[in-house]
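Remarks on the structure that follows.
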Amino acid sequence: MNINEKRAATDAARPRQQPRQAKTGRAADSVEKVYEAVKELAVEYRFKPGERVNEVELAARLGVSRTPVREALNRLARDGFMTFVPNRGFYARDITPEGVQELYELRAAIERAAFRFACQRGSDAEIGDAIALWHDNSNLGPTTDWARVAEADEAFHTAIVRLSKNERMLNALEGINSLIRFFRRIDLESSRRRGGLYDEHAAIIDCLRRRDGEAGGELIERHITLSSAHAVEVTKEGLARIFFGRTG
């Protein structure tokens with residue numbers, strides 16, 4: 001065997017290295033999966049308000065190293081789910097009536113503006129699809145699944161904002177939706193909200209079909225905005241569920 005043949009045989013026996021891009025891609029996928037898993041815990045308040053997040057325990061729970069966990073917590077801090085205290089670590093977000101009310105006021109402002117654009121920019125087919133998201137997933141009956149109704153409500157409102165063709169509005173709303181999802185379910189389960197939810201949605205849908213952006217925008221703002229008293233009720237109920245696991 002000559003020197004070239006020996007070199008070829010050695011190269012063939014040597015294990016092939018994966019392309020750097022593929023390795024980077026797998027690492028990015030892992031970080032994203034950890035972020036989504038930790039975000040879901042934060043959305044559902046599996047971390048109690050004000051609780052310090054133990055990174056070592058969380059990494060062990062998810063079966064990963066601390067690096068993707070820390071990256072996820074940093075992102076969640078930027079998203080408003082965590083607070084970072086230098087030299088102390090990450091803490092779960094607090095709950096206050098004022099904070100809940102502010103999020104709903106911001107959501108109402110975005111959706112009112114987006115409704116007007118939706119009426120101008122959405123096609124008839126797109127409007128029909130948005131309406132179907134509500135009608136097909138929100139059946140009202142004696143055994144109504146209010147968690148599913150809350151999902152249908154969020155999907156319907158998000159679809160309207162998507163019709164605005166304004167990506168910044170849509171991204172802002174999706175961020176707010178994550179922050180209020182826990183309270184949205186509580187709000188929709190309350191007798192106060194149940195009484196008017198379907199009638200209010202019917203009125204909003206009527207404005208959307210007629211492309212009446214001004215009237216529909218006003219309806220959406222009233223439909224979403226929480227009064228100070230109701231924000232207190234929703235917050236109290238949320239705290240009861242988080243700390244005592246009870247409802248009502």
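Letters for chains follow the order of the structure tokens (A, B, ...), residue numbers begin at 1 for each chain, and ligand numbers begin at 1 in the order shown.
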For this session: Do a neighbour search on region 161-174 of chain A at 7 Å with only C-alpha atoms, toss out local chain neighbours closer than 4 positions, and write the hits as an NGL selection string.
Result: :A and (107 or 110-111 or 114-115 or 117-118 or 121-122 or 157 or 178)
Go ahead and save the residues from that selection, with N, CA and C atoms, as a PDB file, in the first residue's frame.
```pdb
ATOM      1  N   ARG A 107     -54.243  46.079  26.162  1.00  0.00           N
ATOM      2  CA  ARG A 107     -54.862  45.180  25.176  1.00  0.00           C
ATOM      3  C   ARG A 107     -56.041  45.860  24.477  1.00  0.00           C
ATOM      4  N   ILE A 110     -54.827  48.418  21.873  1.00  0.00           N
ATOM      5  CA  ILE A 110     -54.302  47.784  20.654  1.00  0.00           C
ATOM      6  C   ILE A 110     -55.436  47.226  19.810  1.00  0.00           C
ATOM      7  N   GLU A 111     -56.359  46.526  20.450  1.00  0.00           N
ATOM      8  CA  GLU A 111     -57.423  45.873  19.680  1.00  0.00           C
ATOM      9  C   GLU A 111     -58.399  46.877  19.077  1.00  0.00           C
ATOM     10  N   ALA A 114     -56.593  48.157  16.030  1.00  0.00           N
ATOM     11  CA  ALA A 114     -56.458  47.091  15.038  1.00  0.00           C
ATOM     12  C   ALA A 114     -57.789  46.768  14.364  1.00  0.00           C
ATOM     13  N   PHE A 115     -58.907  46.910  15.095  1.00  0.00           N
ATOM     14  CA  PHE A 115     -60.206  46.587  14.525  1.00  0.00           C
ATOM     15  C   PHE A 115     -60.504  47.487  13.322  1.00  0.00           C
ATOM     16  N   PHE A 117     -58.325  48.904  11.309  1.00  0.00           N
ATOM     17  CA  PHE A 117     -57.506  48.456  10.181  1.00  0.00           C
ATOM     18  C   PHE A 117     -58.026  47.137   9.618  1.00  0.00           C
ATOM     19  N   ALA A 118     -58.513  46.249  10.491  1.00  0.00           N
ATOM     20  CA  ALA A 118     -59.037  44.960  10.042  1.00  0.00           C
ATOM     21  C   ALA A 118     -60.204  45.167   9.091  1.00  0.00           C
ATOM     22  N   ARG A 121     -58.644  46.346   5.754  1.00  0.00           N
ATOM     23  CA  ARG A 121     -57.647  45.542   5.056  1.00  0.00           C
ATOM     24  C   ARG A 121     -57.990  44.056   4.915  1.00  0.00           C
ATOM     25  N   GLY A 122     -58.876  43.548   5.734  1.00  0.00           N
ATOM     26  CA  GLY A 122     -59.192  42.124   5.694  1.00  0.00           C
ATOM     27  C   GLY A 122     -60.098  41.792   4.523  1.00  0.00           C
ATOM     28  N   HIS A 157     -59.981  37.013  19.016  1.00  0.00           N
ATOM     29  CA  HIS A 157     -59.450  38.379  19.112  1.00  0.00           C
ATOM     30  C   HIS A 157     -58.099  38.508  18.398  1.00  0.00           C
ATOM     31  N   SER A 178     -50.129  36.283  26.488  1.00  0.00           N
ATOM     32  CA  SER A 178     -49.403  35.349  27.349  1.00  0.00           C
ATOM     33  C   SER A 178     -49.417  35.815  28.797  1.00  0.00           C
TER      34      SER A 178
END
```
So that each row is one residue of region 138-240 of chain A with an atom at most 10 Å from region 45-67 of chain A, can you give its shortest atom pair and the distance in Å to one decimal, using only C-alpha atoms, rows by chain and rising number, as CSV?
```
residue,atom,partner,partner_atom,distance
A:Phe182,CA,A:Tyr45,CA,7.8
A:Gly238,CA,A:Tyr45,CA,9.3
A:Leu239,CA,A:Pro49,CA,8.7
```
For this session: Could you check which of A:Arg184, A:His223, A:Lys236, A:Arg88 is closest to Ala147 (chain A), using only C-alpha atoms?
Result: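 Closest residue, counting only C-alpha atoms: A:Arg184.
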Give me, as a compact mmCIF listing (two decimals) with C-alpha atoms, in the first residue's frame, the residues of region 43-202 of chain A that a backbone DSSP run labels strand (DSSP E).
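The result, stored in result_30.txt:
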```
# COMPACT_ATOMS: atom_id res chain seq x y z
CA MET A 82 -39.64 37.37 35.66
CA THR A 83 -37.70 39.97 37.59
CA PHE A 84 -33.92 39.77 37.75
CA VAL A 85 -32.19 41.04 40.88
CA GLY A 89 -31.28 35.76 40.79
CA PHE A 90 -34.66 35.54 39.09
CA TYR A 91 -38.02 36.03 40.78
CA ALA A 92 -41.51 35.25 39.48
```
For this session: Point out the residue among A:Gln101, A:Asn74, A:Asn87, A:Asn177 with the least atom-to-atom distance to Thr225 (chain A), counting only C-alpha atoms.
Result: A:Gln101
Exercise. Hey, can you check how far CA of Val100 (chain A) sits from CA of Glu200 (chain A)?
Worked result: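 So the two atoms, CA of Val100 (chain A) and CA of Glu200 (chain A), lie 21.5 Å apart.
Our summary of the geometry notes that CA of Asn137 (chain A) is positioned 23.2 Å from CA of Arg211 (chain A).
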Problem set entry | Backbone DSSP call of helix (DSSP H, G or I) for region 54-235 of chain A, listed as a VMD selection string | chain A and resid 55 to 62 66 to 79 97 to 121 124 to 135 146 to 163 167 to 189 191 to 210 213 to 224 228 to 235
